[in-house]
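Remarks on the structure that follows.
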Amino acid sequence: EFPPKSSLDPSKFGDHTSTITAAHIQKNLEGLTVQQALESNRLYILDHHDRFMPFLIEVNNLPGNFIYATRTLFFLRGDGRLTPLAIELSEPVIQGGLTIAKSKVYTPVPSGSVEGWVWEFAKAYVAVNDSGWHQLVSHWLNTHAVMEPFVISTNRHLSVTHPVHKLLSPHYRDTMTINALARQTLINAGGIFEMTVFPGKFALGMSSVVYKDWKFTEQGLPDDLIKRGMAVEDLSSPYKVRLLVSDYPYAADGLAIWHAIEQYVGEYLAIYYPDDGVLRGDTELQAWWKEAREVGHGDLKDAPWWPRMQGVGELAKACTTIIWIGSALHAAVNFGQYPYAGFLPNRPTV
């Protein structure tokens with residue numbers, strides 16, 4: 001959709017449709033029109049606008065803090081490279097009782113000039129949004145916090161000899177210990193996140209707001225890639241998806257890992273659950289899933305997307321997703337932090 005739209009409540013925020021126009025990007029589309037670029041899956045967006053905008057008035061009123069809400073458009077070039085086309089920096093302004101956006105658009109300029117440095121600063125503000133999102137959502141929320149209900153319910157309801165306990169427990173190792181330590185030094189009031197990632201109470205505030213839209217069924221890699229517009233369904237592929245950006249190592253390698261986990265889990269569970277009736281009659285398993293959904297993820301317990309856990313296929317997909325989150329996904333968002341963020345200008349924070 002072009003220009004990018006906003007999902008912010010118009011009764012509170014007015015119209016936050018992007019101010020990026022075709023004129024800003026047309027010259028860098030390799031002869032395509034904007035519509036042609038959209039139809040050929042060559043336009044992409046990194047959109048932090050709606051998630052950051054509601055926090056900016058309070059955040060920017062804190063001493064020593066100022067950030068924008070950002071949107072960045074990218075173009076998939078003919079040589080396979082994804083290159084930035086335009087950056088929109090927006091700040092909130094109160095007008096007529098609404099929090100509207102005051103926005104400015106920046107486009108690429110060769111380095112070595114004043115305008116080139118302005119472009120570099122615009123990219124830095126995008127990186128501020130992205131590094132905050134990475135720590136608060138991609139890392140803490142999506143791989144640490146959401147795993148706790150499954151860990152606790154596994155230990156409460158599944159015997160240590162239960163096949164699902166044996167399947168999942170290696171991927172829970174140290175999760176609760178690490179999360180407990182995080183609550184002491186990382187995500188606590190006055191902790192590392194509040195001092196370095198996002199200021200004060202707004203750090204976990206943002207994470208909590210994003211959790212309201214979290215869906216367990218979108219955490220598996222193929223579903224995540226489709227949701228983010230990075231892949232399309234392809235039943236001829238062993239991964240059931242086709243990447244739209246071929247030079248995407250996380251997705252390419254991740255799909256191979258996902259597929260291996262999926263195959264292993266399916267073969268393993270088939271030994272213990274020859275049919276759906278055996279699964280439905282497993283009282284430990286049903287109690288496990290009930291607590292994970294209704295107590296652990298109680299705020300979302302009535303969401304229609306939860307698997308009902310009435311079939312072996314549902315269990316296999318759920319276990320594959322849990323293992324993926326606790327292994328490859330966490331590795332991807334955790335172990336590369338120092339190479340990316342050890343040089344602060346590369347991943348600046350608020």
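Every chain in the structure tokens has a letter given in the order shown (A, B, ...), and although residue numbers restart at 1 in each chain, ligands are simply numbered from 1 in the order shown.
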
Test item, helix (DSSP H, G or I) assignment across range 97-298 of chain A, answer as a ChimeraX atom specification: /A:114-157,163-172,175-185,192-197,202-211,216-218,221-227,249-272,276-280,283-296,298

Counting only C-alpha atoms, what is within 10 Å of Val59 in chain A, bar same-chain residues fewer than 6 positions away, as a list of chain:residue names?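 Skipping anything fewer than 6 positions along the chain leaves A:Phe52, A:Met53, A:Asn65, A:Phe66, A:Ile67, A:Phe198, A:Pro199, A:Gly200, A:Lys201, A:Phe202, A:Val350.
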
Contacts of His297 in chain A at 10 Å or less, counting only C-alpha atoms, minus same-chain residues fewer than 2 places along, as a list in words?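 Within the cut-off, the hits are Val146, Met147, Glu148, Pro149, Phe150, Phe216, Lys290, Glu291, Ala292, Arg293, Glu294, Val295, Asp299, Leu300, Lys301 and Asp302 of chain A.
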
Dump N, CA and C atoms for the selected residues as a PDB file, in the first residue's frame?
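Result file follows (again.pdb):
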ATOM      1  N   VAL A 146       7.555 -14.569  26.523  1.00  0.00           N
ATOM      2  CA  VAL A 146       6.453 -15.431  26.066  1.00  0.00           C
ATOM      3  C   VAL A 146       6.729 -16.909  26.298  1.00  0.00           C
ATOM      4  N   MET A 147       7.985 -17.262  26.580  1.00  0.00           N
ATOM      5  CA  MET A 147       8.324 -18.672  26.803  1.00  0.00           C
ATOM      6  C   MET A 147       7.987 -19.133  28.214  1.00  0.00           C
ATOM      7  N   GLU A 148       7.953 -18.210  29.172  1.00  0.00           N
ATOM      8  CA  GLU A 148       7.765 -18.598  30.573  1.00  0.00           C
ATOM      9  C   GLU A 148       6.511 -19.439  30.814  1.00  0.00           C
ATOM     10  N   PRO A 149       5.352 -19.079  30.267  1.00  0.00           N
ATOM     11  CA  PRO A 149       4.166 -19.900  30.520  1.00  0.00           C
ATOM     12  C   PRO A 149       4.329 -21.355  30.095  1.00  0.00           C
ATOM     13  N   PHE A 150       5.035 -21.587  28.999  1.00  0.00           N
ATOM     14  CA  PHE A 150       5.230 -22.958  28.529  1.00  0.00           C
ATOM     15  C   PHE A 150       6.197 -23.716  29.435  1.00  0.00           C
ATOM     16  N   PHE A 216       0.653 -16.544  19.048  1.00  0.00           N
ATOM     17  CA  PHE A 216       1.503 -17.740  19.072  1.00  0.00           C
ATOM     18  C   PHE A 216       1.638 -18.342  17.681  1.00  0.00           C
ATOM     19  N   LYS A 290      -3.796 -26.191  28.577  1.00  0.00           N
ATOM     20  CA  LYS A 290      -4.824 -25.338  29.187  1.00  0.00           C
ATOM     21  C   LYS A 290      -4.187 -24.271  30.066  1.00  0.00           C
ATOM     22  N   GLU A 291      -3.206 -24.651  30.900  1.00  0.00           N
ATOM     23  CA  GLU A 291      -2.582 -23.653  31.769  1.00  0.00           C
ATOM     24  C   GLU A 291      -1.731 -22.678  30.972  1.00  0.00           C
ATOM     25  N   ALA A 292      -0.964 -23.184  30.010  1.00  0.00           N
ATOM     26  CA  ALA A 292      -0.120 -22.295  29.215  1.00  0.00           C
ATOM     27  C   ALA A 292      -0.959 -21.214  28.538  1.00  0.00           C
ATOM     28  N   ARG A 293      -2.117 -21.606  28.042  1.00  0.00           N
ATOM     29  CA  ARG A 293      -2.985 -20.659  27.338  1.00  0.00           C
ATOM     30  C   ARG A 293      -3.807 -19.801  28.291  1.00  0.00           C
ATOM     31  N   GLU A 294      -4.489 -20.418  29.233  1.00  0.00           N
ATOM     32  CA  GLU A 294      -5.498 -19.711  30.022  1.00  0.00           C
ATOM     33  C   GLU A 294      -4.937 -19.004  31.246  1.00  0.00           C
ATOM     34  N   VAL A 295      -3.789 -19.453  31.743  1.00  0.00           N
ATOM     35  CA  VAL A 295      -3.180 -18.827  32.919  1.00  0.00           C
ATOM     36  C   VAL A 295      -1.924 -18.059  32.515  1.00  0.00           C
ATOM     37  N   ASP A 299      -4.043 -13.010  29.445  1.00  0.00           N
ATOM     38  CA  ASP A 299      -4.580 -11.813  28.795  1.00  0.00           C
ATOM     39  C   ASP A 299      -5.083 -12.112  27.387  1.00  0.00           C
ATOM     40  N   LEU A 300      -4.573 -13.186  26.800  1.00  0.00           N
ATOM     41  CA  LEU A 300      -4.918 -13.520  25.418  1.00  0.00           C
ATOM     42  C   LEU A 300      -5.685 -14.831  25.316  1.00  0.00           C
ATOM     43  N   LYS A 301      -6.142 -15.349  26.433  1.00  0.00           N
ATOM     44  CA  LYS A 301      -6.691 -16.708  26.471  1.00  0.00           C
ATOM     45  C   LYS A 301      -7.904 -16.908  25.569  1.00  0.00           C
ATOM     46  N   ASP A 302      -8.649 -15.859  25.298  1.00  0.00           N
ATOM     47  CA  ASP A 302      -9.852 -15.991  24.483  1.00  0.00           C
ATOM     48  C   ASP A 302      -9.616 -15.690  23.003  1.00  0.00           C
TER      49      ASP A 302
END

Could you tell me which of A:Gly31, A:Gly229, A:Pro54, A:Pro304 comes closest to Lys215 in chain A if we count only C-alpha atoms?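 So, comparing all the options, the nearest one is A:Pro304.
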
For Asn41 in chain A, work out the shell of residues within 10 Å, counting only C-alpha atoms and skipping chain neighbours fewer than 5 positions away, then give it as a ChimeraX atom specification. /A:35-36,75-76,229-231,244-245

Which residue is closest to Ile94 in chain A? Choose from A:Leu82, A:Leu62, A:Leu158, A:Ile57 and count only C-alpha atoms. A:Ile57
